[in-house]
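Engineer: Quick one: this structure, given as structure tokens, is what I'll be asking you about.
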Amino acid sequence: MLRRTFLAASTACVVLAAGSAWADAYRAEYRLSTVLGTAFAWGQAGERWAELVKEKTQGRINIKLYPGTSLVGGDQTREFTAIRQGVIDLAIGSTINWSPQVKELNLFSLPFLMPDYKAIDALTQGEVGRQLFKILEQREVVPLAWGENGFREMSNSKHAVATPADMKGFKFRVVGSPLYNETFTALGANPTQMSWADAQPALATGAVDGQENPLSVFVAAKLPTVGQKYLTLWHYVADPLIFVVNKEVWASWTPADQEAVRQAALQAGRENVEKARKGIAGSDNAVLKQIEASGVTVTTLTPEQRDAFVKATRPVYDKWAKTIGADLVKKAETAIAKR
Ligand code: X2X
């Protein structure tokens with residue numbers, strides 16, 4: 001009896017000691033970076049992740065959201081480097097913004113690779129997604145879950161677009177890797193790289209004519225109010241979001257808290273994908289109705305019209321498939337064909 005009590009007490013001591021050593025290393029606040037704020041599903045995913053982490057760790061881990069990629073002065077293509085350097089502790093980042101540093105993430109930006117939502121899921125939820133997470137681990141971040149920004153549709157302030165010829169000479173805002181410059185150049189437009197922070201004033205002043213973003217972003221950012229009156233649904237690329245933690249920060253947490261942060265990311269990710277598709281996917285087209293009601297001309301491409309865009313961008317696809325890695329692209333194409 002005595003012996004058992006002693007054992008139990010000493011075990012408790014060890015656990016307490018380990019717990020407090022870890023507790024000492026915990027910071028009062030961890031910084032979570034996102035591009036979009038809480039008016040958007042993306043920023044809401046950040047809020048939700050923070051809330052779930054607080055709940056699941058009984059307040060041991062407190063996350064503060066820094067939207068607008070404010071920890072890197074709004075320059076979203078520097079976010080990945082800042083996570084590795086520890087300027088950012090956690091992030092929910094778009095594959096587009098991290099592709100300048102992680103070339104394999106350009107996969108999702110290959111024009112017309114993913115025809116539908118099932119194709120996105122076939123990649124993120126399958127072998128391709130696991131392989132991409134391994135690549136991120138080698139780049140010293142801890143990837144935990146997938147979310148979604150969405151299929152990126154094109155808008156402009158000039159006229160309806162149904163053929164590549166309609167885009168001729170358009171000054172077009174893009175972001176991410178040079179893959180986007182090449183895609184829009186192949187379509188006859190005049191692309192220019194700029195951050196989301198710079199894009200909105202550029203659209204408002206007419207410095208650029210067009211942009212591409214998911215419909216949910218188009219609506220929440222009120223892009224029709226900055227002259228974006230013509231929208232073409234072409235589903236050319238989609239950008240998933242990835243929930244990650246800086247490696248040292250991750251290592252400073254107890255295994256139980258790591259698991260709590262992972263489960264919170266998975267849950268926030270699932271909810272985020274659902275929200276990103278609401279009113280857009282399947283038979284639910286409430287978002288599209290709202291866009292049309294705001295006076296925007298919506299062009300839906302026929303299969304033949306879409307083919308013309310596929311054909312015009314195919315050389316860019318082939319060139320970038322080599323940069324991304326022929327094996328990975330093949331694996332992705334196979335997963336999509338089998339979906
Ligand atoms: O800048 C964009 O277009 C946005 C908000 O969609 C991304 O961060 C990729």
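Identifiers in the structure tokens: chain A, B, ... in order shown; residue index from 1 per chain; ligand index from 1 in order shown.
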Considering only C-alpha atoms, give me a table of residues in range 128-218 of chain A that are at most 7 Å from range 222-226 of chain A, with the closest atom pair and distance in Å for each, as a tab-separated table.

Structural biologist:
residue	atom	partner	partner_atom	distance
A:Leu203	CA	A:Val226	CA	6.1
A:Ala204	CA	A:Val226	CA	4.6
A:Phe218	CA	A:Leu223	CA	5.4

Engineer: With N, CA and C atoms kept, could you save the residues just selected as a PDB file, in the first residue's frame?

Structural biologist:
ATOM      1  N   LEU A 203      -7.127  47.828 -59.027  1.00  0.00           N
ATOM      2  CA  LEU A 203      -8.402  47.605 -59.720  1.00  0.00           C
ATOM      3  C   LEU A 203      -9.259  48.874 -59.652  1.00  0.00           C
ATOM      4  N   ALA A 204      -9.285  49.497 -58.493  1.00  0.00           N
ATOM      5  CA  ALA A 204     -10.132  50.686 -58.300  1.00  0.00           C
ATOM      6  C   ALA A 204      -9.712  51.834 -59.206  1.00  0.00           C
ATOM      7  N   PHE A 218     -14.377  37.218 -54.575  1.00  0.00           N
ATOM      8  CA  PHE A 218     -14.950  38.232 -55.466  1.00  0.00           C
ATOM      9  C   PHE A 218     -16.097  38.971 -54.764  1.00  0.00           C
TER      10      PHE A 218
END

Engineer: If you run DSSP on the backbone here, which positions in range 134-226 of chain A get alpha helix (DSSP H)? Please write them as an MDAnalysis selection string.

Structural biologist: chainID A and resid 134:138 178:186 196:205 215:220

Engineer: If DSSP is run on the backbone, what residues of range 94-337 of chain A are strand (DSSP E or B)? A reply as a ChimeraX atom specification would be ideal.

Structural biologist: /A:94,141-156,171-174,190-193,210-214,230-246,297-300

Engineer: List the neighbours of range 172-175 of chain A out to 10 Å using only C-alpha atoms; skip same-chain residues closer than 6 positions along the sequence, and give me the result as a PDB file with C-alpha atoms, in the first residue's frame.

Structural biologist:
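Generated output (selection06.pdb):
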ATOM      1  CA  GLN A  76       2.214  37.205 -49.310  1.00  0.00           C
ATOM      2  CA  THR A  77       4.916  35.565 -51.435  1.00  0.00           C
ATOM      3  CA  ILE A  96      -0.085  29.945 -54.838  1.00  0.00           C
ATOM      4  CA  ASN A  97       1.728  32.150 -52.346  1.00  0.00           C
ATOM      5  CA  MET A 154     -11.579  35.563 -64.046  1.00  0.00           C
ATOM      6  CA  SER A 155     -13.116  39.024 -63.948  1.00  0.00           C
ATOM      7  CA  ASN A 156     -12.472  42.294 -65.731  1.00  0.00           C
ATOM      8  CA  ASN A 181       2.650  35.364 -65.974  1.00  0.00           C
ATOM      9  CA  PHE A 184      -1.833  34.944 -69.026  1.00  0.00           C
ATOM     10  CA  THR A 185       0.769  35.861 -71.614  1.00  0.00           C
ATOM     11  CA  ALA A 189      -3.149  39.345 -71.823  1.00  0.00           C
ATOM     12  CA  ASN A 190      -0.570  41.573 -70.165  1.00  0.00           C
ATOM     13  CA  PRO A 191      -0.056  40.103 -66.650  1.00  0.00           C
ATOM     14  CA  THR A 192       1.560  41.865 -63.737  1.00  0.00           C
ATOM     15  CA  GLN A 193       2.496  40.404 -60.338  1.00  0.00           C
ATOM     16  CA  MET A 194       1.208  42.180 -57.258  1.00  0.00           C
ATOM     17  CA  SER A 195       0.071  41.381 -53.743  1.00  0.00           C
ATOM     18  CA  TRP A 196      -3.576  41.292 -52.740  1.00  0.00           C
ATOM     19  CA  ASP A 198      -1.894  46.296 -53.935  1.00  0.00           C
ATOM     20  CA  ALA A 199      -4.451  44.606 -56.190  1.00  0.00           C
ATOM     21  CA  GLN A 200      -7.522  46.319 -54.775  1.00  0.00           C
ATOM     22  CA  ALA A 202      -4.953  48.871 -58.733  1.00  0.00           C
ATOM     23  CA  LEU A 203      -8.402  47.605 -59.720  1.00  0.00           C
ATOM     24  CA  ALA A 207      -4.254  50.489 -63.304  1.00  0.00           C
ATOM     25  CA  VAL A 208      -5.223  46.888 -64.058  1.00  0.00           C
ATOM     26  CA  ASP A 209      -8.289  45.675 -65.969  1.00  0.00           C
ATOM     27  CA  GLY A 210      -8.741  42.214 -64.548  1.00  0.00           C
ATOM     28  CA  GLN A 211      -7.970  39.668 -61.875  1.00  0.00           C
ATOM     29  CA  GLU A 212      -8.696  36.063 -60.939  1.00  0.00           C
ATOM     30  CA  ASN A 213      -9.949  34.844 -57.540  1.00  0.00           C
TER      31      ASN A 213
END

Engineer: Any idea what's packed within 7 Å of range 80-86 of chain A, counting only C-alpha atoms, ignoring anything in its chain fewer than 5 positions away? Could you give it as a PyMOL selection string?

Structural biologist: chain A and resi 98+140-141+246

Engineer: Could those selected residues go to a file with C-alpha atoms, as an mmCIF file, in the first residue's frame?

Structural biologist:
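Final output, saved to out-v9.cif:
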data_model
loop_
_atom_site.group_PDB
_atom_site.id
_atom_site.type_symbol
_atom_site.label_atom_id
_atom_site.label_comp_id
_atom_site.auth_asym_id
_atom_site.auth_seq_id
_atom_site.Cartn_x
_atom_site.Cartn_y
_atom_site.Cartn_z
ATOM 1 C CA TRP A 98 4.186 29.462 -51.231
ATOM 2 C CA GLU A 140 11.228 22.457 -42.059
ATOM 3 C CA VAL A 141 7.618 23.354 -41.508
ATOM 4 C CA ASN A 246 7.008 26.497 -37.534
#

Engineer: Would you work out the distance separating CA of Ala25 in chain A from CA of Pro255 in chain A, expressed in Å to one decimal?

Structural biologist: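 About the pair CA of Ala25 in chain A and CA of Pro255 in chain A: they are 13.9 Å apart.
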
Engineer: Name the closest residue to Phe151 in chain A among the candidates A:Ile291, A:Leu328, A:Gly282, A:Arg277; distances are taken between atoms, counting only C-alpha atoms.

Structural biologist: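 Among the listed residues, A:Arg277 lies closest to Phe151 in chain A.
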
Engineer: Can you pull out the residues contacting Pro303 in chain A? Cut-off 10 Å, using only C-alpha atoms, and skip same-chain residues under 4 positions away; I want them as a PyMOL selection string.

Structural biologist: chain A and resi 234+307-308

Engineer: Which of these, A:Glu29, A:Tyr230, A:Asp239, A:Ala186, has the shortest distance to ligand 1 once you count only C-alpha atoms and all ligand atoms?

Structural biologist: A:Asp239

Engineer: Considering only C-alpha atoms, state which residue in the set A:Ala221, A:Leu110, A:Ala251, A:Ala332 is at the smallest distance from Tyr236 in chain A.

Structural biologist: A:Leu110

Engineer: Report, in Å with one decimal, the straight-line distance from CA of Gly269 in chain A to CA of Arg48 in chain A.

Structural biologist: 9.2 Å

Engineer: Could you pull the residues within 12 Å of Gln290 in chain A, counting only C-alpha atoms, minus those fewer than 6 positions along the same chain, as a PyMOL selection string?

Structural biologist: chain A and resi 215-216+218-220+222+224+279-280+284+296-298

Engineer: Could you write those residues out with N, CA and C atoms, as an mmCIF file, in the first residue's frame?

Structural biologist:
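Writing done, so here's selection.cif:
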data_model
loop_
_atom_site.group_PDB
_atom_site.id
_atom_site.type_symbol
_atom_site.label_atom_id
_atom_site.label_comp_id
_atom_site.auth_asym_id
_atom_site.auth_seq_id
_atom_site.Cartn_x
_atom_site.Cartn_y
_atom_site.Cartn_z
ATOM 1 N N LEU A 215 -14.928 32.861 -56.331
ATOM 2 C CA LEU A 215 -16.158 33.661 -56.282
ATOM 3 C C LEU A 215 -16.434 34.204 -54.888
ATOM 4 N N SER A 216 -16.119 33.392 -53.868
ATOM 5 C CA SER A 216 -16.354 33.837 -52.489
ATOM 6 C C SER A 216 -15.520 35.085 -52.182
ATOM 7 N N PHE A 218 -14.377 37.218 -54.575
ATOM 8 C CA PHE A 218 -14.950 38.232 -55.466
ATOM 9 C C PHE A 218 -16.097 38.971 -54.764
ATOM 10 N N VAL A 219 -16.948 38.186 -54.080
ATOM 11 C CA VAL A 219 -18.110 38.767 -53.400
ATOM 12 C C VAL A 219 -17.689 39.496 -52.119
ATOM 13 N N ALA A 220 -16.939 38.802 -51.259
ATOM 14 C CA ALA A 220 -16.605 39.391 -49.952
ATOM 15 C C ALA A 220 -15.721 40.625 -50.104
ATOM 16 N N LYS A 222 -16.053 42.637 -52.516
ATOM 17 C CA LYS A 222 -16.905 43.590 -53.255
ATOM 18 C C LYS A 222 -16.231 44.068 -54.546
ATOM 19 N N PRO A 224 -17.154 43.939 -57.626
ATOM 20 C CA PRO A 224 -17.968 44.719 -58.577
ATOM 21 C C PRO A 224 -17.944 46.219 -58.278
ATOM 22 N N GLY A 279 -22.684 27.601 -51.610
ATOM 23 C CA GLY A 279 -23.274 28.551 -52.549
ATOM 24 C C GLY A 279 -22.572 28.587 -53.899
ATOM 25 N N ILE A 280 -21.583 27.687 -54.076
ATOM 26 C CA ILE A 280 -20.801 27.679 -55.311
ATOM 27 C C ILE A 280 -20.817 26.298 -55.956
ATOM 28 N N ASP A 284 -26.141 24.132 -55.361
ATOM 29 C CA ASP A 284 -26.282 25.348 -54.567
ATOM 30 C C ASP A 284 -25.499 26.491 -55.217
ATOM 31 N N VAL A 296 -23.446 42.071 -62.457
ATOM 32 C CA VAL A 296 -22.260 41.537 -63.146
ATOM 33 C C VAL A 296 -22.706 40.620 -64.287
ATOM 34 N N THR A 297 -22.071 40.730 -65.439
ATOM 35 C CA THR A 297 -22.341 39.828 -66.559
ATOM 36 C C THR A 297 -21.514 38.555 -66.369
ATOM 37 N N VAL A 298 -22.205 37.431 -66.228
ATOM 38 C CA VAL A 298 -21.502 36.171 -65.981
ATOM 39 C C VAL A 298 -21.467 35.335 -67.263
#

Engineer: Which one is closest to Gly37 in chain A: A:Gly93, A:Pro115, A:Gly147, A:Gly68? Count only C-alpha atoms.

Structural biologist: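 Closest to Gly37 in chain A of all the choices is A:Gly68.
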
Engineer: So, with only C-alpha atoms and all ligand atoms as the atoms that count, which of A:Lys54, A:Lys247, A:His159, A:Arg78 lies closest to ligand 1?

Structural biologist: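 Of the candidates, the smallest distance to ligand 1 is held by A:Arg78.
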
Engineer: Nearest to Ala268 in chain A: which of A:Leu105, A:Ile242, A:Leu233, A:Ala165 is it, counting only C-alpha atoms?

Structural biologist: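 Under the stated criterion, the closest residue is A:Ile242.
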
Engineer: Find the residues around Leu187 in chain A up to 8 Å (only C-alpha atoms counted), leave out those fewer than 6 positions away in its own chain, and share them as a list of chain:residue names.

Structural biologist: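 What passes the distance filter is A:Pro164, A:Ala165, A:Met167, A:Lys168, A:Phe309, A:Ala312, A:Thr313.
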